[in-house]
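Beneath this line is the structure, given in structure tokens, with notes to follow.
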Amino acid sequence: MTAPRAWLIWSIGIFSYLVAVTQRTSFGVVGLEATERFHASASAISFFTVLQLLVYAGLQIPVGVLVDRFGSRAMIAGGALLMGLGQLQLAFAESVPAGVLGRVLVGAGDAMTFISVIRLIPLWFAPARVPLLTQLTGMSGQLGQLLSVVPFAFVLHAAGWSPAFLSLAGLSGVAIVLVVLLLQDVPPGTPRQESSKGLRATGVSLSRAWKQPGTRLGMWSHFTIQFSGTVFAMTWGYPFLISAQGLDSSTVASLMSLYVAGAIGAGPLIGRFVSRHPLRRSTMVLLLVAATAVAWAAVLLYPGRSPLWLLAALVVVLAIGGPGSMIGFDFARTFNPAHRIGTATGIVNVGGFFAALITIYLIGAVLDILYSTGFSNGVLYGLEPFRIALSVHFLILGVGSVAMLVVRRKVRRQMAAQGVVVAPLLQAMAEQRRARNARRKASSRE
């Protein structure tokens with residue numbers, strides 16, 4: 001289970017996910033160019049990403065069911081094909097409908113990738129490795145955002161719109177070749193699951209995954225801490241930093257690179273925490289939610305344009321939310337049997353992206369309303385309009401936190417019925433201190 005073959009399979013999987021993240025976030029750096037190319041409003045530009053994420057979120061549960069039936073290899077290769085076709089379409093699009101069609105294809109292909117890669121890990125690796133490898137998968141995939149911020153943005157500005165998107169289509173072609181030639185669904189000698197499961201059995205599996213409170217806790221955890229970074233990276237971060245905060249493109253590229261670095265640095269730490277303290281996963285999520293709210297409040301309430309250090313702090317907090325949201329998938333894994341992991345993971349993955357598409361659309365709508373009423377003084381992406389529009393974050397953070405606390409109580413009641421009692425955090429910390437002191441005294445007497 002930890003043979004070199006397993007590491008090869010995992011490497012191909014994370015490369016495919018890296019390509020998917022590159023395709024997903026590529027539109028986040030072309031917002032200003034797209035506004036000019038398509039002669040579009042803020043709402044129209046947000047619609048590109050909203051519809052992409054709507055397709056992505058809407059397909060998560062069907063994809064989870066399909067990957068449980070047909071395996072990761074077919075789903076990853078099919079996803080890369082759809083994303084390549086979507087970028088080809090966008091490369092030559094000259095109207096909003098044509099461009100939106102391209103992003104819909106990208107969203108559909110992206111939806112097929114992450115769940116399929118995550119499903120490979122428990123099939124190829126020992127259980128003790130799974131939490132850390134899950135974090136490393138998400139962390140490695142975030143390098144795709146760095147590709148969209150630096151090389152893709154360079155090609156866009158140097159060679160133009162069409163060559164930039166054609167290069168992304170070529171990247172999908174590389175992923176298809178690697179997956180078809182080298183990827184395997186299960187280790188040699190492992191019996192394959194039958195793919196003839198009927199609709200009734202599929203419906204039962206989906207229902208059982210949803211009824212499991214741990215699955216819903218994972219979904220609301222993902223909902224609450226994943227969306228803010230997605231909104232920032234995919235749509236509104238670049239215009240906010242360029243137009244509202246007055247930064248140049250090289251500084252913005254540095255901040256986006258910091259975003260990726262922050263996610264990479266936080267991933268292993270969160271993975272170790274989850275492995276060592278599985279009963280405190282939801283506490284970690286709530287702490288990250290609080291940090292996100294504080295960071296946005298500091299930036300939006302700062303008089304005038306924020307200093308670079310404060311924007312950097314916001315970026316780091318949002319970056320940590322990425323690997324933090326992976327805790328949701330750990331809930332799905334530990335509260336569901338192996339044959340339902342794909343389905344449960346799909347349910348969890350709906351959360352963050354559904355929250356993101358709502359937030360992206362609301363921000364665009366608020367910006368347009370403020371512009372049409374004259375509040376923006378003729379500057380669509382001005383600082384004051386962005387202060388109001390980005391405050392939508394607090395509404396979504398609040399909704400997700402309340403839902404998560406409600407479901408967590410159900411999960412802990414279920415665990416208590418099984419003999420697992422989660423003591424209050426302060427009480428658990430006090431007991432740990434007493435245990436450490438007792439060990440020190442015992443060792444000193446020796």
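Quick note on naming: the chains in the structure tokens go A, B, ... in the order shown, residues restart at 1 in each chain, and ligands are numbered from 1 in order of appearance.
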
Taking only C-alpha atoms into account, produce a table as a tab-separated table in which each residue of region 117-209 of chain A with an atom at most 6 Å from an atom of region 70-89 of chain A appears once, together with its shortest atom pair and the distance in Å to one decimal, ordered by chain and rising number.
```
residue	atom	partner	partner_atom	distance
A:Phe165	CA	A:Gln87	CA	5.6
A:Leu166	CA	A:Leu88	CA	6.0
A:Ala169	CA	A:Gly84	CA	4.2
A:Ser172	CA	A:Ala80	CA	5.3
A:Ile176	CA	A:Ala77	CA	5.2
A:Asp185	CA	A:Ser72	CA	5.8
A:Ser195	CA	A:Phe70	CA	5.9
```

Non-local contacts of Tyr238 (chain A) (10 Å; only C-alpha atoms; under 5 positions in same chain excluded) as a list in words: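 Here the qualifying residues turn out to be Gly28, Val29, Val30, Gly31, Leu32, Val149, Phe232, Ala233, Ser243, Ala244, Gln245, Leu247, Ser249, Val252, Ala253, Leu255 and Met256 of chain A.
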
Take the residues from that selection and put them in a file with all heavy atoms, as an mmCIF file, in the first residue's frame.
```cif
data_model
loop_
_atom_site.group_PDB
_atom_site.id
_atom_site.type_symbol
_atom_site.label_atom_id
_atom_site.label_comp_id
_atom_site.auth_asym_id
_atom_site.auth_seq_id
_atom_site.Cartn_x
_atom_site.Cartn_y
_atom_site.Cartn_z
ATOM 1 N N GLY A 28 -9.713 34.346 -12.970
ATOM 2 C CA GLY A 28 -9.540 35.329 -11.914
ATOM 3 C C GLY A 28 -8.543 36.418 -12.238
ATOM 4 O O GLY A 28 -8.582 37.495 -11.633
ATOM 5 N N VAL A 29 -7.621 36.160 -13.177
ATOM 6 C CA VAL A 29 -6.615 37.173 -13.521
ATOM 7 C C VAL A 29 -6.953 37.892 -14.824
ATOM 8 O O VAL A 29 -6.168 38.722 -15.285
ATOM 9 C CB VAL A 29 -5.204 36.541 -13.611
ATOM 10 C CG1 VAL A 29 -4.827 35.906 -12.293
ATOM 11 C CG2 VAL A 29 -5.111 35.524 -14.741
ATOM 12 N N VAL A 30 -8.097 37.577 -15.446
ATOM 13 C CA VAL A 30 -8.449 38.232 -16.709
ATOM 14 C C VAL A 30 -9.700 39.085 -16.574
ATOM 15 O O VAL A 30 -10.300 39.466 -17.578
ATOM 16 C CB VAL A 30 -8.632 37.187 -17.841
ATOM 17 C CG1 VAL A 30 -7.373 36.362 -18.021
ATOM 18 C CG2 VAL A 30 -9.832 36.286 -17.575
ATOM 19 N N GLY A 31 -10.088 39.386 -15.308
ATOM 20 C CA GLY A 31 -11.320 40.132 -15.107
ATOM 21 C C GLY A 31 -11.337 41.459 -15.840
ATOM 22 O O GLY A 31 -12.329 41.799 -16.509
ATOM 23 N N LEU A 32 -10.260 42.230 -15.767
ATOM 24 C CA LEU A 32 -10.219 43.532 -16.439
ATOM 25 C C LEU A 32 -10.204 43.358 -17.952
ATOM 26 O O LEU A 32 -10.882 44.090 -18.682
ATOM 27 C CB LEU A 32 -8.987 44.309 -15.970
ATOM 28 C CG LEU A 32 -8.927 44.588 -14.452
ATOM 29 C CD1 LEU A 32 -7.641 45.326 -14.098
ATOM 30 C CD2 LEU A 32 -10.143 45.385 -13.999
ATOM 31 N N VAL A 149 -1.562 32.663 -12.047
ATOM 32 C CA VAL A 149 -1.198 34.038 -11.680
ATOM 33 C C VAL A 149 0.064 34.497 -12.399
ATOM 34 O O VAL A 149 0.156 35.642 -12.855
ATOM 35 C CB VAL A 149 -1.006 34.154 -10.154
ATOM 36 C CG1 VAL A 149 -0.385 35.489 -9.781
ATOM 37 C CG2 VAL A 149 -2.336 33.995 -9.442
ATOM 38 N N PHE A 232 -11.931 35.242 -3.615
ATOM 39 C CA PHE A 232 -10.790 36.129 -3.775
ATOM 40 C C PHE A 232 -9.932 35.706 -4.963
ATOM 41 O O PHE A 232 -9.527 36.538 -5.787
ATOM 42 C CB PHE A 232 -9.960 36.117 -2.492
ATOM 43 C CG PHE A 232 -8.887 37.162 -2.418
ATOM 44 C CD1 PHE A 232 -9.184 38.447 -2.014
ATOM 45 C CD2 PHE A 232 -7.574 36.864 -2.759
ATOM 46 C CE1 PHE A 232 -8.197 39.423 -1.941
ATOM 47 C CE2 PHE A 232 -6.592 37.819 -2.700
ATOM 48 C CZ PHE A 232 -6.900 39.117 -2.284
ATOM 49 N N ALA A 233 -9.654 34.402 -5.073
ATOM 50 C CA ALA A 233 -8.734 33.919 -6.101
ATOM 51 C C ALA A 233 -9.370 33.850 -7.480
ATOM 52 O O ALA A 233 -8.700 34.081 -8.494
ATOM 53 C CB ALA A 233 -8.196 32.538 -5.712
ATOM 54 N N SER A 243 -7.692 47.815 -8.687
ATOM 55 C CA SER A 243 -8.481 49.037 -8.856
ATOM 56 C C SER A 243 -8.809 49.730 -7.538
ATOM 57 O O SER A 243 -8.761 50.959 -7.456
ATOM 58 C CB SER A 243 -9.785 48.712 -9.599
ATOM 59 O OG SER A 243 -9.519 48.241 -10.900
ATOM 60 N N ALA A 244 -9.152 48.937 -6.513
ATOM 61 C CA ALA A 244 -9.563 49.552 -5.247
ATOM 62 C C ALA A 244 -8.379 49.883 -4.361
ATOM 63 O O ALA A 244 -8.323 50.951 -3.749
ATOM 64 C CB ALA A 244 -10.531 48.622 -4.513
ATOM 65 N N GLN A 245 -7.401 48.986 -4.276
ATOM 66 C CA GLN A 245 -6.258 49.209 -3.401
ATOM 67 C C GLN A 245 -5.085 49.876 -4.117
ATOM 68 O O GLN A 245 -4.104 50.250 -3.465
ATOM 69 C CB GLN A 245 -5.800 47.872 -2.798
ATOM 70 C CG GLN A 245 -6.818 47.236 -1.867
ATOM 71 C CD GLN A 245 -7.043 48.042 -0.600
ATOM 72 O OE1 GLN A 245 -6.210 48.860 -0.203
ATOM 73 N NE2 GLN A 245 -8.180 47.825 0.051
ATOM 74 N N LEU A 247 -2.750 48.751 -6.214
ATOM 75 C CA LEU A 247 -1.487 48.027 -6.347
ATOM 76 C C LEU A 247 -1.160 47.786 -7.818
ATOM 77 O O LEU A 247 -2.058 47.720 -8.668
ATOM 78 C CB LEU A 247 -1.560 46.688 -5.613
ATOM 79 C CG LEU A 247 -1.887 46.731 -4.117
ATOM 80 C CD1 LEU A 247 -1.908 45.324 -3.533
ATOM 81 C CD2 LEU A 247 -0.883 47.603 -3.366
ATOM 82 N N SER A 249 0.495 45.354 -10.955
ATOM 83 C CA SER A 249 0.288 43.936 -11.267
ATOM 84 C C SER A 249 1.366 43.043 -10.663
ATOM 85 O O SER A 249 1.090 41.912 -10.254
ATOM 86 C CB SER A 249 0.240 43.733 -12.787
ATOM 87 O OG SER A 249 1.427 44.216 -13.389
ATOM 88 N N VAL A 252 0.503 42.513 -7.014
ATOM 89 C CA VAL A 252 -0.626 41.593 -6.910
ATOM 90 C C VAL A 252 -0.171 40.161 -7.163
ATOM 91 O O VAL A 252 -0.592 39.224 -6.468
ATOM 92 C CB VAL A 252 -1.735 41.994 -7.895
ATOM 93 C CG1 VAL A 252 -2.842 40.945 -7.921
ATOM 94 C CG2 VAL A 252 -2.307 43.349 -7.506
ATOM 95 N N ALA A 253 0.700 39.979 -8.151
ATOM 96 C CA ALA A 253 1.227 38.639 -8.419
ATOM 97 C C ALA A 253 1.983 38.099 -7.207
ATOM 98 O O ALA A 253 1.895 36.910 -6.883
ATOM 99 C CB ALA A 253 2.141 38.667 -9.644
ATOM 100 N N LEU A 255 1.359 38.898 -4.048
ATOM 101 C CA LEU A 255 0.371 38.543 -3.042
ATOM 102 C C LEU A 255 -0.318 37.225 -3.379
ATOM 103 O O LEU A 255 -0.568 36.391 -2.493
ATOM 104 C CB LEU A 255 -0.672 39.656 -2.909
ATOM 105 C CG LEU A 255 -0.212 40.928 -2.192
ATOM 106 C CD1 LEU A 255 -1.298 41.994 -2.251
ATOM 107 C CD2 LEU A 255 0.167 40.636 -0.742
ATOM 108 N N MET A 256 -0.618 37.013 -4.650
ATOM 109 C CA MET A 256 -1.229 35.746 -5.046
ATOM 110 C C MET A 256 -0.252 34.585 -4.851
ATOM 111 O O MET A 256 -0.656 33.463 -4.501
ATOM 112 C CB MET A 256 -1.698 35.816 -6.499
ATOM 113 C CG MET A 256 -2.873 36.752 -6.720
ATOM 114 S SD MET A 256 -4.346 36.270 -5.761
ATOM 115 C CE MET A 256 -5.561 37.410 -6.409
#
```

Residue with smallest distance to Val402 (chain A) - pool A:Ser372, A:Asn349, A:Ser221, A:Thr22, counting only C-alpha atoms: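 Closest to Val402 (chain A), using only C-alpha atoms: A:Ser221.
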
CA of Ala42 (chain A) to CA of Glu384 (chain A), straight-line distance in Å: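 Atom-to-atom, CA of Glu384 (chain A) to CA of Ala42 (chain A), that is 15.3 Å.
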
Å distance separating CA of Tyr56 (chain A) from CA of Ala344 (chain A), one decimal place: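 Answer for the CA of Tyr56 (chain A) to CA of Ala344 (chain A) separation: 15.7 Å.
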